[in-house]
There are 2 protein chains.
Amino acid sequence: MDGTSERHGLTATAGLALLVAACAPAPPTSIGEQPPNIVIITADDLGYGDLASYGHPNIRTPHLDRMAEEGQRWTSFYAQAPVCSPSRAALLTGRVHLRSGMFGRRSAVFFPDSRAGLPDEEVTLAEALGDLGYATGIVGKWHLGHLPEYLPTRHGFDSWFGIPYSNDMDWHLPEGMANRTAYFDPEIDYWHVPIMRNEEEVERPADQNTLTERYAQEAVTFIESHPDQPFFLYLPHTMPHMPLFRSEAFEGHSSAGTYGDVIEEVDSAVGRVLETLKRLELAANTLVVFTSDNGPWTSFETHGGSAGPLRHGKGTTFEGGMRVPAIFWWPGTIEPGVTQAIGSAMDLFTTSISLAGGVVPTDRPIDGVDISPVLFGTGTTPRDTMAYYRMGELFAFRQGAYKVHFVTEGRYGLPPARTDHDPPLLFDLSVDPGERYDISAEQPATVTALVAAAERYQANMTMAEPLFDHRGG
Amino acid sequence: MDGTSERHGLTATAGLALLVAACAPAPPTSIGEQPPNIVIITADDLGYGDLASYGHPNIRTPHLDRMAEEGQRWTSFYAQAPVCSPSRAALLTGRVHLRSGMFGRRSAVFFPDSRAGLPDEEVTLAEALGDLGYATGIVGKWHLGHLPEYLPTRHGFDSWFGIPYSNDMDWHLPEGMANRTAYFDPEIDYWHVPIMRNEEEVERPADQNTLTERYAQEAVTFIESHPDQPFFLYLPHTMPHMPLFRSEAFEGHSSAGTYGDVIEEVDSAVGRVLETLKRLELAANTLVVFTSDNGPWTSFETHGGSAGPLRHGKGTTFEGGMRVPAIFWWPGTIEPGVTQAIGSAMDLFTTSISLAGGVVPTDRPIDGVDISPVLFGTGTTPRDTMAYYRMGELFAFRQGAYKVHFVTEGRYGLPPARTDHDPPLLFDLSVDPGERYDISAEQPATVTALVAAAERYQANMTMAEPLFDHRGG
């Protein structure tokens, strides 16, 4: 959907949304006449165990820890996919990525030779909030189509500063250099990813060493530019996706090596956003969310992150691949504490629109639910399931505490390869979050119930044409 | 050393300790005329990853989390041994357990048929603080010899309420019942461990369901009984050692099964101690420490705990076996935050005596160091090594970020059995706390340096006769 053309993606009731918001629970404190600002910050390939407040022994994340203490920390929050593009599509549309074609049979994400992108028909959170009077900006990695017609500015964002796809795409390696070598010895010249401002390429190759720092500065400038208008800022950091870069000030900042330096710089960047909101006295009217797009890229050993107590990481449908940190901050409004409620990045779409006084599109299935009752401490979320897809196929399904695996794969890019399970594996995540002890033989009735729930879920799933396979000239 | 006889274990300077405490750094706030109370709380087999503040996704530990927020959380703190008796001996004496004979060639801990105990010549923290005018009490599990001459009351404690050894000893199983079955279906009648008050058996079998609750009440009563005298309270909980028990109020309290219930009851018991100190206005003059005696007993699957991001658990010399949670609390005096300094349970001995204005015995090697500069935020600890022993043998050695393994074993009681490594395995714990990536081939010089450091350490180690093997009639 083109942000500059007529807004036809919302429902007929959207125009009334600022007046009548019947579906939106009232926040416990008055928000005055202006709806809350929304800031969604993501890290790239950050694992469940990579923050101090999620148990990392070596990486220091004081700003995120304080954000968690002042806000609400979720321990069962999921990215919608174990890799980048589908995860981001779901966050921005509130829909399972299959519905928008954000998957492939051969390719797992978009690449620099992709011919497709997020379809115009999709309604992004930027479009929905833009229609409600919000200023909208994205600072960071897009990865939903790099051709002009698919850029953020065509999907509801007023402005963009960042990179179009992952920082390891566009290789220009010296002859004979193995790509794995390059990942561990990152020279900027090896990677030719561009930096875009709106629809113009402004730097190529991107100086990735200063990327996190520049994102932070751009975010601060965006916030400072909207003192009187509600705003939506989407800040998808490029780091800690391999190859790792950090600014000079963070070289050796951490005791945990380059990976630790990178996370500590992201933490510092989050701190600058929160500090800006406090300084401008916007904190009491701004929801800030911090999460990750998928689990840690464990193929890169100590240059990848940690899923902490969870199994495996990026690319897999074990918990380590999709369960991620999620911290919600809105001083005076959010109930501080820790919640075990099941959440999905798709819920950010629905919840944000609800808080803004709008309603989600009703002309299409929306999978996100409104989690504001959990945030405000006034109720529960209707979500009690999680569907784990890999390349368009349902690999696993969670209902309540139980999870069945129909198919498993080992660590991303590493053995063991695909294994089909009949009967499926069964884990009780409440007592076994690390998915160590298969109890399918002990609890066949639970397996049967989960299989039936998964079948019901799949029966309601719509799948568009898979667009990640549209590649090449 | 008999608590009722002449105190001969301290050095000649100990009598002057209240007047001259040249070695003790001054706490940053005045402590008035009365030295601080010391409360050391341990859990039994609690893993590094079992508290919410150390990353557990399902177990709620709000009291310990608040204790950590108000206090100082250590991420590289070690029990001295991967099993019970030697770990406790080292905590109470400030000495490597080999020095006091607290090891065996065949037995790893004391059993109900043990004929030995902690030698009288050892100076316990209770004796040292008692000599400095402290009231001393132990509430909980002893496990340093159950015969009369080895009981807590003969080692400097004025009072004791608790059990003499582990809660799974003294089996009375129905004929034909496998002991593993009994562990998972705990009827009190299966286990005949007694409860002692001072030197009298007051209940047998112990009603273990109410043990954590009764320990909490005894601790509160002890604190309330000493409004005007400095006190040392040692509170070694029996839980979550298998078999698991919790009071009725905590059945189903957790979403994380019986193990979660048990931890949440221990958390509540810690909360009662802190609340009592606040209510009696003693918080500003009391150091409270919470830690564990070793890692989680993973042989029991979901009835055992989690080492979080660390490898393996109890009984092993991987990090999961010996690195444990450690939270220090002393409002207004301790610098709040997280520290990565290397700490040992042996340091509690030296630090406590220093804070009390005393000096440690100088007639014997003392391995604990004074960590109060770290606690107060005024300096560092001199400790940069950790020696990992199993059954009296040095299996692994850490210096700074690096750790070498000379010998490894798999999970406690499970394969793989003993494996000798020559050259030793080398891990960089700063970037690889999970000990996944052996870098001995890449860094042979580091291996050489660590081996030399371990040899120097061993050259200074004294080993007494191993006392755990003295068993039977």
# chains A, B, ... in the order shown; residues from 1 in each chain; ligands from 1
>>> closest_atom_pairs(of="chain B", to="chain A", cutoff="6 Å", atoms="only C-alpha atoms", output="CSV")
residue,atom,partner,partner_atom,distance
B:Tyr54,CA,A:Gly55,CA,4.3
B:Gly55,CA,A:Gly55,CA,4.0
B:Pro57,CA,A:Thr75,CA,5.1
B:Thr75,CA,A:Pro57,CA,5.1
B:Ala256,CA,A:Val431,CA,4.8
B:Gly257,CA,A:Val431,CA,5.8
B:Thr302,CA,A:Val431,CA,5.8
B:Gly308,CA,A:Pro309,CA,4.4
B:Pro309,CA,A:Gly308,CA,4.4
B:Ser430,CA,A:Ala256,CA,4.8
B:Val431,CA,A:Ala256,CA,4.8
>>> write_last_selection(atoms="N, CA and C atoms", output="mmCIF file, in the first residue's frame")
data_model
loop_
_atom_site.group_PDB
_atom_site.id
_atom_site.type_symbol
_atom_site.label_atom_id
_atom_site.label_comp_id
_atom_site.auth_asym_id
_atom_site.auth_seq_id
_atom_site.Cartn_x
_atom_site.Cartn_y
_atom_site.Cartn_z
ATOM 1 N N TYR B 54 18.059 -14.680 37.191
ATOM 2 C CA TYR B 54 19.124 -15.355 36.439
ATOM 3 C C TYR B 54 18.560 -15.983 35.160
ATOM 4 N N GLY B 55 17.352 -15.565 34.766
ATOM 5 C CA GLY B 55 16.855 -15.938 33.447
ATOM 6 C C GLY B 55 15.850 -17.066 33.357
ATOM 7 N N PRO B 57 12.548 -18.757 32.726
ATOM 8 C CA PRO B 57 11.351 -18.200 32.112
ATOM 9 C C PRO B 57 10.052 -18.474 32.869
ATOM 10 N N THR B 75 27.632 -12.914 38.849
ATOM 11 C CA THR B 75 27.404 -13.859 37.751
ATOM 12 C C THR B 75 28.556 -14.848 37.585
ATOM 13 N N ALA B 256 5.544 -23.891 36.930
ATOM 14 C CA ALA B 256 6.685 -24.704 36.523
ATOM 15 C C ALA B 256 6.764 -26.027 37.281
ATOM 16 N N GLY B 257 5.605 -26.582 37.632
ATOM 17 C CA GLY B 257 5.572 -27.905 38.231
ATOM 18 C C GLY B 257 6.061 -27.913 39.668
ATOM 19 N N THR B 302 12.926 -33.160 34.860
ATOM 20 C CA THR B 302 12.140 -31.969 35.209
ATOM 21 C C THR B 302 11.969 -31.785 36.718
ATOM 22 N N GLY B 308 20.737 -22.998 33.271
ATOM 23 C CA GLY B 308 20.566 -21.882 32.345
ATOM 24 C C GLY B 308 21.514 -22.029 31.176
ATOM 25 N N PRO B 309 22.347 -21.003 30.922
ATOM 26 C CA PRO B 309 23.239 -21.074 29.768
ATOM 27 C C PRO B 309 24.480 -21.936 30.014
ATOM 28 N N SER B 430 34.611 -15.969 28.813
ATOM 29 C CA SER B 430 34.079 -14.624 28.591
ATOM 30 C C SER B 430 33.184 -14.596 27.362
ATOM 31 N N VAL B 431 33.535 -15.360 26.341
ATOM 32 C CA VAL B 431 32.705 -15.393 25.133
ATOM 33 C C VAL B 431 31.960 -16.711 24.995
#
>>> select_by_dssp(residues="segment 268-328 of chain A", states="strand (DSSP E)", output="count of residues only")
13
>>> residues_around(residues="Ala449 of chain A", least_positions_apart="3", cutoff="12 Å", atoms="only C-alpha atoms", output="PDB file with all heavy atoms, in the first residue's frame")
ATOM      1  N   PHE A 397       3.739 -26.858  17.023  1.00  0.00           N
ATOM      2  CA  PHE A 397       2.556 -26.127  17.474  1.00  0.00           C
ATOM      3  C   PHE A 397       2.502 -26.181  18.991  1.00  0.00           C
ATOM      4  O   PHE A 397       2.708 -27.228  19.597  1.00  0.00           O
ATOM      5  CB  PHE A 397       1.288 -26.754  16.865  1.00  0.00           C
ATOM      6  CG  PHE A 397       0.049 -25.923  17.073  1.00  0.00           C
ATOM      7  CD1 PHE A 397      -0.214 -24.830  16.257  1.00  0.00           C
ATOM      8  CD2 PHE A 397      -0.856 -26.243  18.085  1.00  0.00           C
ATOM      9  CE1 PHE A 397      -1.356 -24.059  16.444  1.00  0.00           C
ATOM     10  CE2 PHE A 397      -1.992 -25.472  18.285  1.00  0.00           C
ATOM     11  CZ  PHE A 397      -2.250 -24.383  17.461  1.00  0.00           C
ATOM     12  N   ARG A 398       2.263 -25.019  19.592  1.00  0.00           N
ATOM     13  CA  ARG A 398       2.132 -24.929  21.052  1.00  0.00           C
ATOM     14  C   ARG A 398       0.706 -24.562  21.418  1.00  0.00           C
ATOM     15  O   ARG A 398       0.093 -23.695  20.781  1.00  0.00           O
ATOM     16  CB  ARG A 398       3.087 -23.857  21.609  1.00  0.00           C
ATOM     17  CG  ARG A 398       2.874 -23.582  23.090  1.00  0.00           C
ATOM     18  CD  ARG A 398       3.832 -22.543  23.672  1.00  0.00           C
ATOM     19  NE  ARG A 398       3.541 -22.322  25.085  1.00  0.00           N
ATOM     20  CZ  ARG A 398       4.224 -21.532  25.904  1.00  0.00           C
ATOM     21  NH1 ARG A 398       5.262 -20.860  25.438  1.00  0.00           N
ATOM     22  NH2 ARG A 398       3.877 -21.406  27.174  1.00  0.00           N
ATOM     23  N   GLN A 399       0.181 -25.243  22.435  1.00  0.00           N
ATOM     24  CA  GLN A 399      -1.082 -24.810  23.045  1.00  0.00           C
ATOM     25  C   GLN A 399      -0.878 -24.866  24.555  1.00  0.00           C
ATOM     26  O   GLN A 399      -0.572 -25.931  25.108  1.00  0.00           O
ATOM     27  CB  GLN A 399      -2.239 -25.715  22.620  1.00  0.00           C
ATOM     28  CG  GLN A 399      -3.570 -25.224  23.164  1.00  0.00           C
ATOM     29  CD  GLN A 399      -4.752 -26.016  22.616  1.00  0.00           C
ATOM     30  OE1 GLN A 399      -4.795 -27.239  22.672  1.00  0.00           O
ATOM     31  NE2 GLN A 399      -5.714 -25.295  22.066  1.00  0.00           N
ATOM     32  N   GLY A 400      -1.073 -23.743  25.207  1.00  0.00           N
ATOM     33  CA  GLY A 400      -0.807 -23.683  26.641  1.00  0.00           C
ATOM     34  C   GLY A 400       0.646 -24.044  26.908  1.00  0.00           C
ATOM     35  O   GLY A 400       1.552 -23.486  26.311  1.00  0.00           O
ATOM     36  N   TYR A 402       2.005 -27.023  26.396  1.00  0.00           N
ATOM     37  CA  TYR A 402       2.493 -28.157  25.583  1.00  0.00           C
ATOM     38  C   TYR A 402       2.866 -27.747  24.167  1.00  0.00           C
ATOM     39  O   TYR A 402       2.265 -26.849  23.581  1.00  0.00           O
ATOM     40  CB  TYR A 402       1.440 -29.258  25.540  1.00  0.00           C
ATOM     41  CG  TYR A 402       1.257 -29.929  26.872  1.00  0.00           C
ATOM     42  CD1 TYR A 402       0.165 -29.615  27.689  1.00  0.00           C
ATOM     43  CD2 TYR A 402       2.173 -30.865  27.337  1.00  0.00           C
ATOM     44  CE1 TYR A 402      -0.004 -30.219  28.933  1.00  0.00           C
ATOM     45  CE2 TYR A 402       2.016 -31.477  28.577  1.00  0.00           C
ATOM     46  CZ  TYR A 402       0.928 -31.150  29.368  1.00  0.00           C
ATOM     47  OH  TYR A 402       0.784 -31.747  30.601  1.00  0.00           O
ATOM     48  N   LYS A 403       3.847 -28.441  23.632  1.00  0.00           N
ATOM     49  CA  LYS A 403       4.306 -28.183  22.274  1.00  0.00           C
ATOM     50  C   LYS A 403       4.593 -29.506  21.577  1.00  0.00           C
ATOM     51  O   LYS A 403       5.285 -30.359  22.135  1.00  0.00           O
ATOM     52  CB  LYS A 403       5.575 -27.322  22.314  1.00  0.00           C
ATOM     53  CG  LYS A 403       6.184 -27.003  20.943  1.00  0.00           C
ATOM     54  CD  LYS A 403       7.421 -26.121  21.101  1.00  0.00           C
ATOM     55  CE  LYS A 403       8.093 -25.813  19.767  1.00  0.00           C
ATOM     56  NZ  LYS A 403       9.325 -25.007  19.935  1.00  0.00           N
ATOM     57  N   VAL A 404       4.041 -29.658  20.379  1.00  0.00           N
ATOM     58  CA  VAL A 404       4.364 -30.825  19.555  1.00  0.00           C
ATOM     59  C   VAL A 404       5.275 -30.392  18.409  1.00  0.00           C
ATOM     60  O   VAL A 404       5.128 -29.293  17.863  1.00  0.00           O
ATOM     61  CB  VAL A 404       3.102 -31.505  18.961  1.00  0.00           C
ATOM     62  CG1 VAL A 404       2.400 -32.353  20.016  1.00  0.00           C
ATOM     63  CG2 VAL A 404       2.151 -30.499  18.339  1.00  0.00           C
ATOM     64  N   PRO A 424       4.306 -37.137  16.748  1.00  0.00           N
ATOM     65  CA  PRO A 424       5.156 -35.970  17.001  1.00  0.00           C
ATOM     66  C   PRO A 424       5.826 -36.043  18.370  1.00  0.00           C
ATOM     67  O   PRO A 424       5.340 -36.716  19.272  1.00  0.00           O
ATOM     68  CB  PRO A 424       4.172 -34.798  16.945  1.00  0.00           C
ATOM     69  CG  PRO A 424       2.814 -35.364  16.902  1.00  0.00           C
ATOM     70  CD  PRO A 424       2.883 -36.801  16.576  1.00  0.00           C
ATOM     71  N   LEU A 426       6.610 -34.507  21.955  1.00  0.00           N
ATOM     72  CA  LEU A 426       5.800 -33.679  22.853  1.00  0.00           C
ATOM     73  C   LEU A 426       6.672 -33.184  23.996  1.00  0.00           C
ATOM     74  O   LEU A 426       7.346 -33.976  24.665  1.00  0.00           O
ATOM     75  CB  LEU A 426       4.626 -34.497  23.420  1.00  0.00           C
ATOM     76  CG  LEU A 426       3.756 -33.790  24.459  1.00  0.00           C
ATOM     77  CD1 LEU A 426       2.976 -32.626  23.841  1.00  0.00           C
ATOM     78  CD2 LEU A 426       2.785 -34.775  25.123  1.00  0.00           C
ATOM     79  N   SER A 440       5.959 -37.794  24.624  1.00  0.00           N
ATOM     80  CA  SER A 440       4.857 -38.238  23.752  1.00  0.00           C
ATOM     81  C   SER A 440       4.381 -39.644  24.124  1.00  0.00           C
ATOM     82  O   SER A 440       3.186 -39.934  24.041  1.00  0.00           O
ATOM     83  CB  SER A 440       5.276 -38.178  22.286  1.00  0.00           C
ATOM     84  OG  SER A 440       6.431 -38.967  22.076  1.00  0.00           O
ATOM     85  N   GLN A 443       2.179 -39.377  27.341  1.00  0.00           N
ATOM     86  CA  GLN A 443       0.945 -38.588  27.272  1.00  0.00           C
ATOM     87  C   GLN A 443       0.350 -38.587  25.862  1.00  0.00           C
ATOM     88  O   GLN A 443       0.239 -37.532  25.234  1.00  0.00           O
ATOM     89  CB  GLN A 443       1.220 -37.150  27.730  1.00  0.00           C
ATOM     90  CG  GLN A 443       1.725 -37.050  29.164  1.00  0.00           C
ATOM     91  CD  GLN A 443       1.624 -35.627  29.722  1.00  0.00           C
ATOM     92  OE1 GLN A 443       0.716 -34.874  29.380  1.00  0.00           O
ATOM     93  NE2 GLN A 443       2.554 -35.265  30.570  1.00  0.00           N
ATOM     94  N   PRO A 444      -0.061 -39.771  25.374  1.00  0.00           N
ATOM     95  CA  PRO A 444      -0.605 -39.836  24.014  1.00  0.00           C
ATOM     96  C   PRO A 444      -1.867 -38.984  23.842  1.00  0.00           C
ATOM     97  O   PRO A 444      -2.093 -38.429  22.751  1.00  0.00           O
ATOM     98  CB  PRO A 444      -0.892 -41.330  23.820  1.00  0.00           C
ATOM     99  CG  PRO A 444      -0.922 -41.928  25.184  1.00  0.00           C
ATOM    100  CD  PRO A 444      -0.002 -41.103  26.022  1.00  0.00           C
ATOM    101  N   ALA A 445      -2.678 -38.866  24.885  1.00  0.00           N
ATOM    102  CA  ALA A 445      -3.909 -38.072  24.751  1.00  0.00           C
ATOM    103  C   ALA A 445      -3.580 -36.596  24.541  1.00  0.00           C
ATOM    104  O   ALA A 445      -4.276 -35.888  23.801  1.00  0.00           O
ATOM    105  CB  ALA A 445      -4.791 -38.242  25.994  1.00  0.00           C
ATOM    106  N   THR A 446      -2.506 -36.134  25.186  1.00  0.00           N
ATOM    107  CA  THR A 446      -2.089 -34.739  24.981  1.00  0.00           C
ATOM    108  C   THR A 446      -1.607 -34.548  23.546  1.00  0.00           C
ATOM    109  O   THR A 446      -1.905 -33.527  22.909  1.00  0.00           O
ATOM    110  CB  THR A 446      -0.973 -34.362  25.972  1.00  0.00           C
ATOM    111  OG1 THR A 446      -1.397 -34.681  27.293  1.00  0.00           O
ATOM    112  CG2 THR A 446      -0.646 -32.882  25.891  1.00  0.00           C
ATOM    113  N   ALA A 452      -4.905 -32.165  17.023  1.00  0.00           N
ATOM    114  CA  ALA A 452      -6.220 -31.666  16.605  1.00  0.00           C
ATOM    115  C   ALA A 452      -6.238 -30.135  16.614  1.00  0.00           C
ATOM    116  O   ALA A 452      -6.780 -29.501  15.693  1.00  0.00           O
ATOM    117  CB  ALA A 452      -7.305 -32.219  17.533  1.00  0.00           C
ATOM    118  N   ALA A 453      -5.635 -29.532  17.637  1.00  0.00           N
ATOM    119  CA  ALA A 453      -5.592 -28.062  17.714  1.00  0.00           C
ATOM    120  C   ALA A 453      -4.789 -27.492  16.552  1.00  0.00           C
ATOM    121  O   ALA A 453      -5.162 -26.471  15.952  1.00  0.00           O
ATOM    122  CB  ALA A 453      -4.995 -27.630  19.049  1.00  0.00           C
ATOM    123  N   ALA A 454      -3.688 -28.158  16.211  1.00  0.00           N
ATOM    124  CA  ALA A 454      -2.869 -27.704  15.089  1.00  0.00           C
ATOM    125  C   ALA A 454      -3.642 -27.818  13.780  1.00  0.00           C
ATOM    126  O   ALA A 454      -3.561 -26.940  12.908  1.00  0.00           O
ATOM    127  CB  ALA A 454      -1.574 -28.511  15.025  1.00  0.00           C
ATOM    128  N   GLU A 455      -4.408 -28.883  13.635  1.00  0.00           N
ATOM    129  CA  GLU A 455      -5.200 -29.060  12.407  1.00  0.00           C
ATOM    130  C   GLU A 455      -6.274 -27.987  12.292  1.00  0.00           C
ATOM    131  O   GLU A 455      -6.515 -27.457  11.203  1.00  0.00           O
ATOM    132  CB  GLU A 455      -5.822 -30.464  12.378  1.00  0.00           C
ATOM    133  CG  GLU A 455      -4.790 -31.530  11.988  1.00  0.00           C
ATOM    134  CD  GLU A 455      -5.304 -32.959  12.177  1.00  0.00           C
ATOM    135  OE1 GLU A 455      -6.430 -33.135  12.698  1.00  0.00           O
ATOM    136  OE2 GLU A 455      -4.548 -33.896  11.817  1.00  0.00           O
ATOM    137  N   ARG A 456      -6.910 -27.661  13.402  1.00  0.00           N
ATOM    138  CA  ARG A 456      -7.911 -26.585  13.387  1.00  0.00           C
ATOM    139  C   ARG A 456      -7.251 -25.259  13.002  1.00  0.00           C
ATOM    140  O   ARG A 456      -7.801 -24.478  12.236  1.00  0.00           O
ATOM    141  CB  ARG A 456      -8.579 -26.442  14.767  1.00  0.00           C
ATOM    142  CG  ARG A 456      -9.619 -27.493  15.077  1.00  0.00           C
ATOM    143  CD  ARG A 456     -10.473 -27.112  16.306  1.00  0.00           C
ATOM    144  NE  ARG A 456      -9.681 -26.875  17.510  1.00  0.00           N
ATOM    145  CZ  ARG A 456      -9.316 -27.834  18.372  1.00  0.00           C
ATOM    146  NH1 ARG A 456      -9.650 -29.087  18.156  1.00  0.00           N
ATOM    147  NH2 ARG A 456      -8.606 -27.526  19.442  1.00  0.00           N
TER     148      ARG A 456
END
>>> residues_around(residues="Leu425 of chain A", least_positions_apart="2", cutoff="9 Å", atoms="only C-alpha atoms", output="list in words")
Lys403, Val404, His405, Phe406, Val407, His421, Asp422, Pro423, Phe427, Asp438, Ile439, Ser440, Ala441 and Val447 of chain A
>>> atom_distance(atom1="atom CA of Thr333 of chain A", atom2="atom CA of Ala356 of chain A")
14.4 Å
>>> select_by_dssp(residues="segment 312-375 of chain A", states="helix (DSSP H, G or I)", output="ChimeraX atom specification")
/A:319-322,346-355,372-375
>>> residues_around(residues="Ser85 of chain B", least_positions_apart="2", cutoff="7 Å", atoms="only C-alpha atoms", output="count of residues only")
8
>>> closest_residue(among="A:Gly410, A:Pro243, A:Pro373, A:Gly156", to="Thr93 of chain A", atoms="only C-alpha atoms")
A:Gly156
>>> closest_residue(among="B:Asp420, B:Glu122, B:Asp158, B:Asp384", to="Gly94 of chain B", atoms="only C-alpha atoms")
B:Glu122
>>> residues_around(residues="Ala206 of chain B", least_positions_apart="2", cutoff="12 Å", atoms="only C-alpha atoms", output="number ranges by chain")
B: 161-170, 187-196, 201-204, 208-212, 214, 238, 245
>>> write_last_selection(atoms="C-alpha atoms", output="PDB file, in the first residue's frame")
ATOM      1  CA  PHE B 161      17.156 -26.723  64.002  1.00  0.00           C
ATOM      2  CA  GLY B 162      17.360 -28.928  60.935  1.00  0.00           C
ATOM      3  CA  ILE B 163      18.470 -32.198  59.395  1.00  0.00           C
ATOM      4  CA  PRO B 164      21.897 -33.817  59.704  1.00  0.00           C
ATOM      5  CA  TYR B 165      22.403 -34.920  56.078  1.00  0.00           C
ATOM      6  CA  SER B 166      20.570 -34.965  52.770  1.00  0.00           C
ATOM      7  CA  ASN B 167      16.819 -35.464  52.718  1.00  0.00           C
ATOM      8  CA  ASP B 168      17.095 -38.543  50.474  1.00  0.00           C
ATOM      9  CA  MET B 169      19.275 -40.528  52.872  1.00  0.00           C
ATOM     10  CA  ASP B 170      17.811 -43.152  55.267  1.00  0.00           C
ATOM     11  CA  GLU B 187       5.808 -40.339  50.474  1.00  0.00           C
ATOM     12  CA  ILE B 188       7.245 -39.127  53.733  1.00  0.00           C
ATOM     13  CA  ASP B 189       7.427 -42.722  54.954  1.00  0.00           C
ATOM     14  CA  TYR B 190      10.022 -43.562  52.335  1.00  0.00           C
ATOM     15  CA  TRP B 191      12.558 -41.228  53.882  1.00  0.00           C
ATOM     16  CA  HIS B 192      13.532 -41.426  57.528  1.00  0.00           C
ATOM     17  CA  VAL B 193      15.814 -38.437  57.930  1.00  0.00           C
ATOM     18  CA  PRO B 194      15.468 -36.958  61.453  1.00  0.00           C
ATOM     19  CA  ILE B 195      15.000 -33.358  62.531  1.00  0.00           C
ATOM     20  CA  MET B 196      17.410 -32.222  65.215  1.00  0.00           C
ATOM     21  CA  GLU B 201      16.375 -35.764  67.626  1.00  0.00           C
ATOM     22  CA  VAL B 202      12.922 -34.170  67.800  1.00  0.00           C
ATOM     23  CA  GLU B 203      11.126 -35.740  64.825  1.00  0.00           C
ATOM     24  CA  ARG B 204      11.667 -38.836  62.680  1.00  0.00           C
ATOM     25  CA  GLN B 208       9.506 -32.657  54.839  1.00  0.00           C
ATOM     26  CA  ASN B 209       6.392 -31.025  53.410  1.00  0.00           C
ATOM     27  CA  THR B 210       6.626 -28.310  56.030  1.00  0.00           C
ATOM     28  CA  LEU B 211      10.412 -28.122  56.262  1.00  0.00           C
ATOM     29  CA  THR B 212      10.940 -24.930  54.236  1.00  0.00           C
ATOM     30  CA  ARG B 214       9.462 -24.298  59.485  1.00  0.00           C
ATOM     31  CA  THR B 238      17.026 -28.573  52.412  1.00  0.00           C
ATOM     32  CA  PHE B 245       8.529 -31.375  49.073  1.00  0.00           C
TER      33      PHE B 245
END
